[in-house]
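Accompanying notes for the structure given below.
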Amino acid sequence: MTFRPIHTRRAFEEICERIREQLALGVLKPGDKLPPERDLAQQLGVSRNVLREALRSLEMAGILRLRKGVKGGAFIREGDTGRMNEVMRDMLSLGTISVRELSEARINVIDLVVRLACVAARQRDFEALEANIERTDVATREGRLLDRVECSREFYKLLAESTGNKVIAMMVNSVTEIHMRFVYAKVASSGAATPRLTDKRRQFLAALRARDVTAATKLMRIHVESVQRMLELDPGSMSLHVALAEVQQPGLHR
């Protein structure tokens with residue numbers, strides 16, 4: 001691969017754009033290593049300091065992984081879906097979106113997910129959801145309510161993946177990540193938890209297996225709206241502070 005020299009005052013931005021351009025054209029792919037720093041700086045006609053600044057920026061954007069050592073260098077990363085979670089949190093911090101908008105979006109996106117999952121889910125998806133429900137049941141019976149919250153986080157991730165649509169899965173994961181912070185905070189502070197959660201999950205999974213869009217959508221909608229009402233009874237549990245706080249999550253007991 002070769003890069004054209006840069007003749008601009010904004011060399012830093014240009015370097016990032018050139019590398020993104022190579023990605024868009026398919027010249028660079030995940031796992032590829034960029035030329036050595038000295039060679040790349042020479043090709044681009046910039047100083048190594050300017051190049052390093054650009055590479056660090058691309059690392060922060062989740063595009064590159066910078067490794068040190070003999071076998072080090074700048075490597076193209078696999079797509080990092082977790083970046084969307086950070087963007088969502090940043091938008092909350094900046095006031096671009098509100099907690100209310102986030103909650104409304106989640107309820108409606110989950111509707112779409114259920115409809116798609118009724119069509120696209122495969123046997124292995126059903127089995128993964130069933131195993132999750134069993135772990136939820138064990139956590140419930142043993143009184144490990146915070147572990148149960150983590151089971152719920154995983155449940156929605158598995159459900160989103162069963163649609164076979166990576167974009168929708170990213171959307172669900174990003175809103176669920178923040179939503180579960182509210183649930184976690186509520187359970188941790190009051191011990192409140194959704195009653196008969198395992199039974200509700202099993203009823204839903206039965207409808208999903210039967211490809212019954214109407215029943216599955218109704219069951220899930222009733223559940224997510226009931227959780228939302230529970231949270232709204234305690235405004236403190238749905239504060240911006242909770243959404244942005246770092247949560248120490250327990251490991252799941254499998």
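Residues in the structure tokens are named by chain (A, B, ... in the order shown) and by number from 1 within that chain; ligands are numbered from 1 in the order shown.
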Problem set entry | stretch 20-216 of chain A: residues DSSP assigns to strand (DSSP E or B), reported as a ChimeraX atom specification | /A:33,64-67,73-76
Problem set entry | All alpha helix (DSSP H) positions in stretch 126-214 of chain A, as a PyMOL selection string | chain A and resi 126-141+145-161+166-190+197-209+213-214
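In this comparison, which uses only C-alpha atoms, the residue of A:Ser190, A:Val113, A:Ser103, A:Arg201 approaching A:Asn165 most closely is A:Val113.
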Exercise. To one decimal place, how far is atom CA of A:Val149 from atom CA of A:Val183 in Å?
Worked result: 7.2 Å
Problem set entry | Close residues, A:Phe75 itself excluded, 12 Å, only C-alpha atoms, min 4 positions apart in chain, as a list in words | Ile19, Leu28, Lys29, Pro30, Gly31, Asp32, Lys33, Leu34, Pro35, Pro36, Glu37, Leu55, Arg56, Leu58, Glu59, Gly62, Ile63, Leu64, Arg65, Leu66, Arg67, Lys68 and Lys71 of chain A
Please save N, CA and C atoms of the selected residues as an mmCIF file, in the first residue's frame.
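Final output, saved to result29.cif:
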```cif
data_model
loop_
_atom_site.group_PDB
_atom_site.id
_atom_site.type_symbol
_atom_site.label_atom_id
_atom_site.label_comp_id
_atom_site.auth_asym_id
_atom_site.auth_seq_id
_atom_site.Cartn_x
_atom_site.Cartn_y
_atom_site.Cartn_z
ATOM 1 N N ILE A 19 -6.284 7.375 5.923
ATOM 2 C CA ILE A 19 -6.377 6.004 6.428
ATOM 3 C C ILE A 19 -7.817 5.505 6.365
ATOM 4 N N LEU A 28 -7.239 -1.469 3.139
ATOM 5 C CA LEU A 28 -6.924 -1.872 4.504
ATOM 6 C C LEU A 28 -8.097 -2.654 5.080
ATOM 7 N N LYS A 29 -7.792 -3.708 5.806
ATOM 8 C CA LYS A 29 -8.821 -4.558 6.416
ATOM 9 C C LYS A 29 -8.447 -4.855 7.866
ATOM 10 N N PRO A 30 -9.423 -5.279 8.670
ATOM 11 C CA PRO A 30 -9.117 -5.625 10.060
ATOM 12 C C PRO A 30 -7.975 -6.625 10.158
ATOM 13 N N GLY A 31 -7.028 -6.319 11.048
ATOM 14 C CA GLY A 31 -5.863 -7.185 11.223
ATOM 15 C C GLY A 31 -4.641 -6.713 10.474
ATOM 16 N N ASP A 32 -4.840 -5.865 9.449
ATOM 17 C CA ASP A 32 -3.704 -5.356 8.670
ATOM 18 C C ASP A 32 -2.827 -4.443 9.525
ATOM 19 N N LYS A 33 -1.544 -4.460 9.207
ATOM 20 C CA LYS A 33 -0.597 -3.593 9.907
ATOM 21 C C LYS A 33 -0.179 -2.463 8.988
ATOM 22 N N LEU A 34 -0.189 -1.241 9.501
ATOM 23 C CA LEU A 34 0.264 -0.100 8.718
ATOM 24 C C LEU A 34 1.776 -0.163 8.541
ATOM 25 N N PRO A 35 2.300 0.514 7.522
ATOM 26 C CA PRO A 35 3.757 0.555 7.346
ATOM 27 C C PRO A 35 4.438 1.097 8.600
ATOM 28 N N PRO A 36 5.721 0.768 8.797
ATOM 29 C CA PRO A 36 6.457 1.303 9.950
ATOM 30 C C PRO A 36 6.338 2.818 10.012
ATOM 31 N N GLU A 37 6.405 3.352 11.212
ATOM 32 C CA GLU A 37 6.191 4.777 11.440
ATOM 33 C C GLU A 37 7.068 5.655 10.551
ATOM 34 N N LEU A 55 -2.302 8.866 14.660
ATOM 35 C CA LEU A 55 -2.488 7.457 15.013
ATOM 36 C C LEU A 55 -3.149 7.312 16.378
ATOM 37 N N ARG A 56 -2.777 8.177 17.310
ATOM 38 C CA ARG A 56 -3.408 8.136 18.636
ATOM 39 C C ARG A 56 -4.889 8.482 18.533
ATOM 40 N N LEU A 58 -6.840 7.946 15.930
ATOM 41 C CA LEU A 58 -7.512 6.796 15.336
ATOM 42 C C LEU A 58 -7.627 5.643 16.327
ATOM 43 N N GLU A 59 -6.664 5.565 17.249
ATOM 44 C CA GLU A 59 -6.757 4.553 18.302
ATOM 45 C C GLU A 59 -7.930 4.872 19.225
ATOM 46 N N GLY A 62 -11.214 3.922 17.944
ATOM 47 C CA GLY A 62 -11.477 2.496 17.839
ATOM 48 C C GLY A 62 -11.109 1.889 16.500
ATOM 49 N N ILE A 63 -10.361 2.627 15.689
ATOM 50 C CA ILE A 63 -9.982 2.136 14.356
ATOM 51 C C ILE A 63 -8.654 1.406 14.394
ATOM 52 N N LEU A 64 -7.722 1.911 15.196
ATOM 53 C CA LEU A 64 -6.396 1.299 15.271
ATOM 54 C C LEU A 64 -6.135 0.721 16.656
ATOM 55 N N ARG A 65 -5.252 -0.259 16.690
ATOM 56 C CA ARG A 65 -4.701 -0.753 17.953
ATOM 57 C C ARG A 65 -3.193 -0.547 17.866
ATOM 58 N N LEU A 66 -2.630 0.225 18.773
ATOM 59 C CA LEU A 66 -1.200 0.512 18.763
ATOM 60 C C LEU A 66 -0.495 -0.421 19.743
ATOM 61 N N ARG A 67 0.470 -1.162 19.233
ATOM 62 C CA ARG A 67 1.215 -2.109 20.062
ATOM 63 C C ARG A 67 2.679 -1.707 20.106
ATOM 64 N N LYS A 68 3.281 -1.898 21.273
ATOM 65 C CA LYS A 68 4.698 -1.600 21.437
ATOM 66 C C LYS A 68 5.511 -2.879 21.330
ATOM 67 N N LYS A 71 7.319 -6.741 17.868
ATOM 68 C CA LYS A 71 6.232 -7.106 16.954
ATOM 69 C C LYS A 71 5.089 -6.099 16.990
#
```
Spatial neighbours of stretch 106-110 of chain A, max dist 10 Å, only C-alpha atoms, sep filter under 6 positions, as a CSV table (one decimal) with N, CA, C and O atoms, in the first residue's frame:
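Final file, result38.csv:
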```csv
chain,number,residue,atom,x,y,z
A,100,ARG,N,-35.2,10.6,29.3
A,100,ARG,CA,-36.5,10.2,28.8
A,100,ARG,C,-36.5,9.7,27.4
A,100,ARG,O,-37.2,8.7,27.0
A,116,LEU,N,-38.6,-8.9,14.5
A,116,LEU,CA,-37.5,-9.4,13.7
A,116,LEU,C,-37.0,-10.8,14.2
A,116,LEU,O,-36.8,-11.7,13.4
A,156,TYR,N,-31.1,-9.3,26.8
A,156,TYR,CA,-31.4,-8.4,25.7
A,156,TYR,C,-30.4,-8.4,24.6
A,156,TYR,O,-30.7,-8.2,23.4
A,159,LEU,N,-31.2,-11.5,22.6
A,159,LEU,CA,-32.4,-11.3,21.8
A,159,LEU,C,-32.1,-10.4,20.6
A,159,LEU,O,-32.5,-10.7,19.5
A,160,ALA,N,-31.3,-9.4,20.8
A,160,ALA,CA,-30.9,-8.5,19.7
A,160,ALA,C,-30.1,-9.2,18.7
A,160,ALA,O,-30.3,-9.1,17.5
A,168,ILE,N,-29.0,-3.1,14.3
A,168,ILE,CA,-30.0,-3.1,15.4
A,168,ILE,C,-29.5,-3.6,16.7
A,168,ILE,O,-29.8,-3.1,17.8
A,169,ALA,N,-28.6,-4.7,16.6
A,169,ALA,CA,-28.0,-5.2,17.8
A,169,ALA,C,-27.2,-4.1,18.5
A,169,ALA,O,-27.2,-4.0,19.8
A,171,MET,N,-27.6,-0.9,18.4
A,171,MET,CA,-28.6,0.1,18.9
A,171,MET,C,-29.1,-0.4,20.3
A,171,MET,O,-29.2,0.3,21.3
A,172,VAL,N,-29.6,-1.7,20.3
A,172,VAL,CA,-30.2,-2.2,21.5
A,172,VAL,C,-29.1,-2.3,22.6
A,172,VAL,O,-29.4,-1.9,23.7
A,173,ASN,N,-27.9,-2.7,22.3
A,173,ASN,CA,-26.9,-2.9,23.3
A,173,ASN,C,-26.5,-1.5,23.9
A,173,ASN,O,-26.3,-1.4,25.1
A,174,SER,N,-26.5,-0.5,23.1
A,174,SER,CA,-26.1,0.8,23.6
A,174,SER,C,-27.2,1.4,24.5
A,174,SER,O,-26.9,2.0,25.6
A,175,VAL,N,-28.5,1.3,24.2
A,175,VAL,CA,-29.5,1.8,25.1
A,175,VAL,C,-29.7,0.9,26.3
A,175,VAL,O,-30.0,1.4,27.4
A,176,THR,N,-29.5,-0.4,26.1
A,176,THR,CA,-29.7,-1.3,27.2
A,176,THR,C,-28.6,-1.1,28.2
A,176,THR,O,-28.8,-1.2,29.4
A,179,HIS,N,-29.7,1.7,30.3
A,179,HIS,CA,-31.0,1.4,31.0
A,179,HIS,C,-30.7,0.4,32.2
A,179,HIS,O,-31.3,0.6,33.3
A,217,THR,N,-44.6,-9.9,21.0
A,217,THR,CA,-44.5,-8.4,21.1
A,217,THR,C,-45.3,-7.9,22.3
A,217,THR,O,-44.8,-7.0,23.0
A,220,MET,N,-43.5,-8.8,25.7
A,220,MET,CA,-42.3,-8.0,25.9
A,220,MET,C,-42.7,-6.6,26.2
A,220,MET,O,-42.1,-6.0,27.1
A,221,ARG,N,-43.7,-6.1,25.5
A,221,ARG,CA,-44.1,-4.7,25.7
A,221,ARG,C,-44.6,-4.5,27.2
A,221,ARG,O,-44.3,-3.5,27.8
A,223,HIS,N,-43.8,-6.2,29.7
A,223,HIS,CA,-42.7,-6.3,30.7
A,223,HIS,C,-41.9,-5.0,30.7
A,223,HIS,O,-41.6,-4.5,31.8
A,224,VAL,N,-41.4,-4.5,29.6
A,224,VAL,CA,-40.5,-3.4,29.6
A,224,VAL,C,-41.3,-2.1,30.1
A,224,VAL,O,-40.6,-1.3,30.8
A,225,GLU,N,-42.6,-2.0,29.8
A,225,GLU,CA,-43.3,-0.9,30.4
A,225,GLU,C,-43.5,-1.0,31.9
A,225,GLU,O,-43.5,0.1,32.6
A,228,GLN,N,-40.3,0.1,33.4
A,228,GLN,CA,-40.1,1.6,33.3
A,228,GLN,C,-41.0,2.2,34.3
A,228,GLN,O,-40.5,3.2,35.0
```
Please list as a compact mmCIF listing (two decimals) with N, CA and C atoms, in the first residue's frame every residue within 8 Å of A:Leu145, counting only C-alpha atoms and excluding residues in the same chain fewer than 3 positions away.
```
# COMPACT_ATOMS: atom_id res chain seq x y z
N ALA A 139 -30.34 -17.44 40.00
CA ALA A 139 -30.00 -16.21 40.71
C ALA A 139 -31.17 -15.71 41.55
N THR A 140 -32.38 -15.86 41.01
CA THR A 140 -33.58 -15.43 41.74
C THR A 140 -33.78 -16.26 42.99
N ARG A 148 -28.89 -11.13 38.87
CA ARG A 148 -30.06 -11.26 38.01
C ARG A 148 -30.16 -10.08 37.04
N VAL A 149 -29.76 -8.90 37.50
CA VAL A 149 -29.73 -7.74 36.61
C VAL A 149 -28.77 -8.00 35.45
N VAL A 187 -32.22 -1.69 42.12
CA VAL A 187 -32.14 -2.95 42.87
C VAL A 187 -31.13 -2.84 44.01
N GLY A 191 -33.55 -3.08 46.77
CA GLY A 191 -33.83 -4.51 46.73
C GLY A 191 -35.06 -4.84 45.92
N ALA A 193 -37.32 -5.72 42.80
CA ALA A 193 -37.03 -6.51 41.60
C ALA A 193 -38.35 -6.92 40.95
```
Exercise. Residues at most 9 Å from A:Ala117, counting only C-alpha atoms, excluding those fewer than 3 positions away in the same chain, as a list in words?
Worked result: Leu112, Val113, Val114, Ala120, Ala121, Arg122, Leu159, Ala160, Glu161, Ser162, Thr163, Gly164, Leu208, Arg211 and Val213 of chain A
Selected residues written out, all heavy atoms, as an mmCIF file, in the first residue's frame:
```cif
data_model
loop_
_atom_site.group_PDB
_atom_site.id
_atom_site.type_symbol
_atom_site.label_atom_id
_atom_site.label_comp_id
_atom_site.auth_asym_id
_atom_site.auth_seq_id
_atom_site.Cartn_x
_atom_site.Cartn_y
_atom_site.Cartn_z
ATOM 1 N N LEU A 112 -39.369 -3.607 17.771
ATOM 2 C CA LEU A 112 -38.835 -3.990 16.459
ATOM 3 C C LEU A 112 -37.995 -5.253 16.564
ATOM 4 O O LEU A 112 -38.096 -6.160 15.719
ATOM 5 C CB LEU A 112 -38.001 -2.841 15.889
ATOM 6 C CG LEU A 112 -37.231 -3.128 14.594
ATOM 7 C CD1 LEU A 112 -38.196 -3.496 13.475
ATOM 8 C CD2 LEU A 112 -36.375 -1.929 14.205
ATOM 9 N N VAL A 113 -37.171 -5.329 17.595
ATOM 10 C CA VAL A 113 -36.302 -6.492 17.795
ATOM 11 C C VAL A 113 -37.128 -7.773 17.911
ATOM 12 O O VAL A 113 -36.814 -8.796 17.305
ATOM 13 C CB VAL A 113 -35.418 -6.308 19.048
ATOM 14 C CG1 VAL A 113 -34.772 -7.621 19.461
ATOM 15 C CG2 VAL A 113 -34.353 -5.259 18.779
ATOM 16 N N VAL A 114 -38.196 -7.713 18.697
ATOM 17 C CA VAL A 114 -39.032 -8.906 18.891
ATOM 18 C C VAL A 114 -39.656 -9.343 17.573
ATOM 19 O O VAL A 114 -39.676 -10.536 17.245
ATOM 20 C CB VAL A 114 -40.128 -8.641 19.952
ATOM 21 C CG1 VAL A 114 -41.091 -9.823 20.029
ATOM 22 C CG2 VAL A 114 -39.487 -8.396 21.310
ATOM 23 N N ALA A 120 -36.342 -14.324 12.371
ATOM 24 C CA ALA A 120 -34.948 -14.685 12.085
ATOM 25 C C ALA A 120 -34.275 -15.596 13.103
ATOM 26 O O ALA A 120 -33.249 -16.216 12.793
ATOM 27 C CB ALA A 120 -34.115 -13.402 11.948
ATOM 28 N N ALA A 121 -34.811 -15.693 14.318
ATOM 29 C CA ALA A 121 -34.129 -16.465 15.365
ATOM 30 C C ALA A 121 -33.963 -17.932 14.967
ATOM 31 O O ALA A 121 -34.855 -18.529 14.361
ATOM 32 C CB ALA A 121 -34.907 -16.363 16.676
ATOM 33 N N ARG A 122 -32.800 -18.490 15.317
ATOM 34 C CA ARG A 122 -32.503 -19.893 15.008
ATOM 35 C C ARG A 122 -32.506 -20.714 16.291
ATOM 36 O O ARG A 122 -32.599 -20.174 17.386
ATOM 37 C CB ARG A 122 -31.126 -19.975 14.332
ATOM 38 C CG ARG A 122 -31.060 -19.267 12.985
ATOM 39 C CD ARG A 122 -29.665 -18.788 12.680
ATOM 40 N NE ARG A 122 -29.239 -17.760 13.630
ATOM 41 C CZ ARG A 122 -28.072 -17.130 13.565
ATOM 42 N NH1 ARG A 122 -27.220 -17.422 12.611
ATOM 43 N NH2 ARG A 122 -27.747 -16.221 14.466
ATOM 44 N N LEU A 159 -31.156 -11.514 22.619
ATOM 45 C CA LEU A 159 -32.361 -11.294 21.822
ATOM 46 C C LEU A 159 -32.053 -10.425 20.604
ATOM 47 O O LEU A 159 -32.500 -10.719 19.490
ATOM 48 C CB LEU A 159 -33.435 -10.631 22.688
ATOM 49 C CG LEU A 159 -34.780 -10.352 22.018
ATOM 50 C CD1 LEU A 159 -35.418 -11.646 21.530
ATOM 51 C CD2 LEU A 159 -35.718 -9.619 22.980
ATOM 52 N N ALA A 160 -31.264 -9.372 20.818
ATOM 53 C CA ALA A 160 -30.907 -8.489 19.706
ATOM 54 C C ALA A 160 -30.072 -9.230 18.663
ATOM 55 O O ALA A 160 -30.267 -9.064 17.451
ATOM 56 C CB ALA A 160 -30.145 -7.276 20.229
ATOM 57 N N GLU A 161 -29.152 -10.059 19.119
ATOM 58 C CA GLU A 161 -28.314 -10.821 18.186
ATOM 59 C C GLU A 161 -29.140 -11.807 17.372
ATOM 60 O O GLU A 161 -28.791 -12.123 16.227
ATOM 61 C CB GLU A 161 -27.224 -11.573 18.966
ATOM 62 C CG GLU A 161 -26.146 -10.665 19.526
ATOM 63 C CD GLU A 161 -25.155 -11.401 20.404
ATOM 64 O OE1 GLU A 161 -25.394 -12.592 20.711
ATOM 65 O OE2 GLU A 161 -24.146 -10.782 20.806
ATOM 66 N N SER A 162 -30.245 -12.283 17.939
ATOM 67 C CA SER A 162 -31.068 -13.264 17.238
ATOM 68 C C SER A 162 -31.775 -12.678 16.022
ATOM 69 O O SER A 162 -32.298 -13.416 15.191
ATOM 70 C CB SER A 162 -32.105 -13.876 18.191
ATOM 71 O OG SER A 162 -33.161 -12.978 18.461
ATOM 72 N N THR A 163 -31.787 -11.341 15.897
ATOM 73 C CA THR A 163 -32.395 -10.716 14.720
ATOM 74 C C THR A 163 -31.526 -10.898 13.484
ATOM 75 O O THR A 163 -32.008 -10.781 12.359
ATOM 76 C CB THR A 163 -32.618 -9.209 14.922
ATOM 77 O OG1 THR A 163 -31.342 -8.539 15.022
ATOM 78 C CG2 THR A 163 -33.433 -8.936 16.174
ATOM 79 N N GLY A 164 -30.234 -11.143 13.710
ATOM 80 C CA GLY A 164 -29.312 -11.269 12.589
ATOM 81 C C GLY A 164 -28.920 -9.930 11.988
ATOM 82 O O GLY A 164 -28.235 -9.875 10.961
ATOM 83 N N LEU A 208 -41.874 -16.760 21.210
ATOM 84 C CA LEU A 208 -40.828 -16.538 20.220
ATOM 85 C C LEU A 208 -40.564 -17.817 19.422
ATOM 86 O O LEU A 208 -40.451 -17.785 18.192
ATOM 87 C CB LEU A 208 -39.546 -16.084 20.920
ATOM 88 C CG LEU A 208 -38.430 -15.509 20.031
ATOM 89 C CD1 LEU A 208 -38.866 -14.190 19.416
ATOM 90 C CD2 LEU A 208 -37.155 -15.308 20.856
ATOM 91 N N ARG A 211 -42.993 -18.437 16.819
ATOM 92 C CA ARG A 211 -43.003 -17.377 15.801
ATOM 93 C C ARG A 211 -44.293 -16.561 15.871
ATOM 94 O O ARG A 211 -44.784 -16.046 14.857
ATOM 95 C CB ARG A 211 -42.854 -17.965 14.392
ATOM 96 C CG ARG A 211 -41.759 -18.991 14.225
ATOM 97 C CD ARG A 211 -40.382 -18.369 14.225
ATOM 98 N NE ARG A 211 -39.331 -19.373 14.025
ATOM 99 C CZ ARG A 211 -38.031 -19.095 14.011
ATOM 100 N NH1 ARG A 211 -37.611 -17.853 14.187
ATOM 101 N NH2 ARG A 211 -37.130 -20.036 13.835
ATOM 102 N N VAL A 213 -45.721 -13.460 16.507
ATOM 103 C CA VAL A 213 -45.301 -12.066 16.617
ATOM 104 C C VAL A 213 -46.202 -11.277 17.565
ATOM 105 O O VAL A 213 -45.720 -10.524 18.411
ATOM 106 C CB VAL A 213 -45.293 -11.395 15.219
ATOM 107 C CG1 VAL A 213 -44.931 -9.918 15.342
ATOM 108 C CG2 VAL A 213 -44.326 -12.108 14.293
#
```
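Computed from the coordinates, the atom CA of A:Glu177 to atom CA of A:Phe126 distance equals 22.1 Å.
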Exercise. In Å to one decimal, how far is atom CA of A:Glu86 from atom CA of A:Leu158?
Worked result: 20.4 Å
Exercise. Leaving out A:Ser47 and any residue of its chain fewer than 2 positions from it, which residues lie within 12 Å of it when counting only C-alpha atoms, given as a list in words?
Worked result: Pro5, Ile6, Ala11, Phe12, Ile15, Glu37, Arg38, Asp39, Leu40, Ala41, Gln42, Gln43, Leu44, Gly45, Asn49, Val50, Leu51, Arg52, Glu53 and Ala54 of chain A
Next, write the just-selected residues to a file, as an mmCIF file, in the first residue's frame, keeping N, CA and C atoms as the atom set.
```cif
data_model
loop_
_atom_site.group_PDB
_atom_site.id
_atom_site.type_symbol
_atom_site.label_atom_id
_atom_site.label_comp_id
_atom_site.auth_asym_id
_atom_site.auth_seq_id
_atom_site.Cartn_x
_atom_site.Cartn_y
_atom_site.Cartn_z
ATOM 1 N N PRO A 5 1.655 12.057 -0.518
ATOM 2 C CA PRO A 5 2.143 13.090 0.411
ATOM 3 C C PRO A 5 1.043 14.093 0.732
ATOM 4 N N ILE A 6 1.121 14.678 1.905
ATOM 5 C CA ILE A 6 0.132 15.659 2.338
ATOM 6 C C ILE A 6 0.702 17.061 2.199
ATOM 7 N N ALA A 11 -2.509 18.725 8.604
ATOM 8 C CA ALA A 11 -1.961 17.400 8.305
ATOM 9 C C ALA A 11 -2.554 16.319 9.197
ATOM 10 N N PHE A 12 -2.801 16.663 10.451
ATOM 11 C CA PHE A 12 -3.331 15.693 11.404
ATOM 12 C C PHE A 12 -4.660 15.109 10.913
ATOM 13 N N ILE A 15 -4.265 12.966 7.618
ATOM 14 C CA ILE A 15 -3.749 11.606 7.819
ATOM 15 C C ILE A 15 -4.897 10.675 8.195
ATOM 16 N N GLU A 37 6.405 3.352 11.212
ATOM 17 C CA GLU A 37 6.191 4.777 11.440
ATOM 18 C C GLU A 37 7.068 5.655 10.551
ATOM 19 N N ARG A 38 8.346 5.299 10.457
ATOM 20 C CA ARG A 38 9.256 6.121 9.652
ATOM 21 C C ARG A 38 8.839 6.122 8.187
ATOM 22 N N ASP A 39 8.512 4.932 7.659
ATOM 23 C CA ASP A 39 8.118 4.828 6.251
ATOM 24 C C ASP A 39 6.806 5.557 5.977
ATOM 25 N N LEU A 40 5.854 5.409 6.893
ATOM 26 C CA LEU A 40 4.554 6.039 6.699
ATOM 27 C C LEU A 40 4.665 7.559 6.746
ATOM 28 N N ALA A 41 5.464 8.066 7.684
ATOM 29 C CA ALA A 41 5.665 9.515 7.771
ATOM 30 C C ALA A 41 6.314 10.041 6.507
ATOM 31 N N GLN A 42 7.217 9.255 5.959
ATOM 32 C CA GLN A 42 7.904 9.649 4.725
ATOM 33 C C GLN A 42 6.946 9.675 3.544
ATOM 34 N N GLN A 43 6.109 8.634 3.434
ATOM 35 C CA GLN A 43 5.129 8.582 2.341
ATOM 36 C C GLN A 43 4.168 9.766 2.393
ATOM 37 N N LEU A 44 3.734 10.104 3.614
ATOM 38 C CA LEU A 44 2.762 11.174 3.776
ATOM 39 C C LEU A 44 3.398 12.562 3.754
ATOM 40 N N GLY A 45 4.705 12.615 3.910
ATOM 41 C CA GLY A 45 5.392 13.895 3.896
ATOM 42 C C GLY A 45 5.148 14.716 5.143
ATOM 43 N N ASN A 49 6.034 13.188 14.646
ATOM 44 C CA ASN A 49 5.190 13.668 15.738
ATOM 45 C C ASN A 49 3.747 13.887 15.283
ATOM 46 N N VAL A 50 3.591 14.476 14.097
ATOM 47 C CA VAL A 50 2.250 14.693 13.548
ATOM 48 C C VAL A 50 1.583 13.349 13.267
ATOM 49 N N LEU A 51 2.347 12.422 12.720
ATOM 50 C CA LEU A 51 1.815 11.092 12.442
ATOM 51 C C LEU A 51 1.350 10.405 13.717
ATOM 52 N N ARG A 52 2.172 10.492 14.765
ATOM 53 C CA ARG A 52 1.812 9.849 16.037
ATOM 54 C C ARG A 52 0.520 10.430 16.598
ATOM 55 N N GLU A 53 0.335 11.734 16.454
ATOM 56 C CA GLU A 53 -0.891 12.374 16.938
ATOM 57 C C GLU A 53 -2.108 11.811 16.199
ATOM 58 N N ALA A 54 -1.964 11.644 14.889
ATOM 59 C CA ALA A 54 -3.063 11.103 14.088
ATOM 60 C C ALA A 54 -3.349 9.651 14.469
#
```
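For the choices A:Val87, A:Ile178, A:Leu102, A:Leu197, the atom-to-atom distance to A:Arg135 is smallest for A:Leu197 when using only C-alpha atoms.
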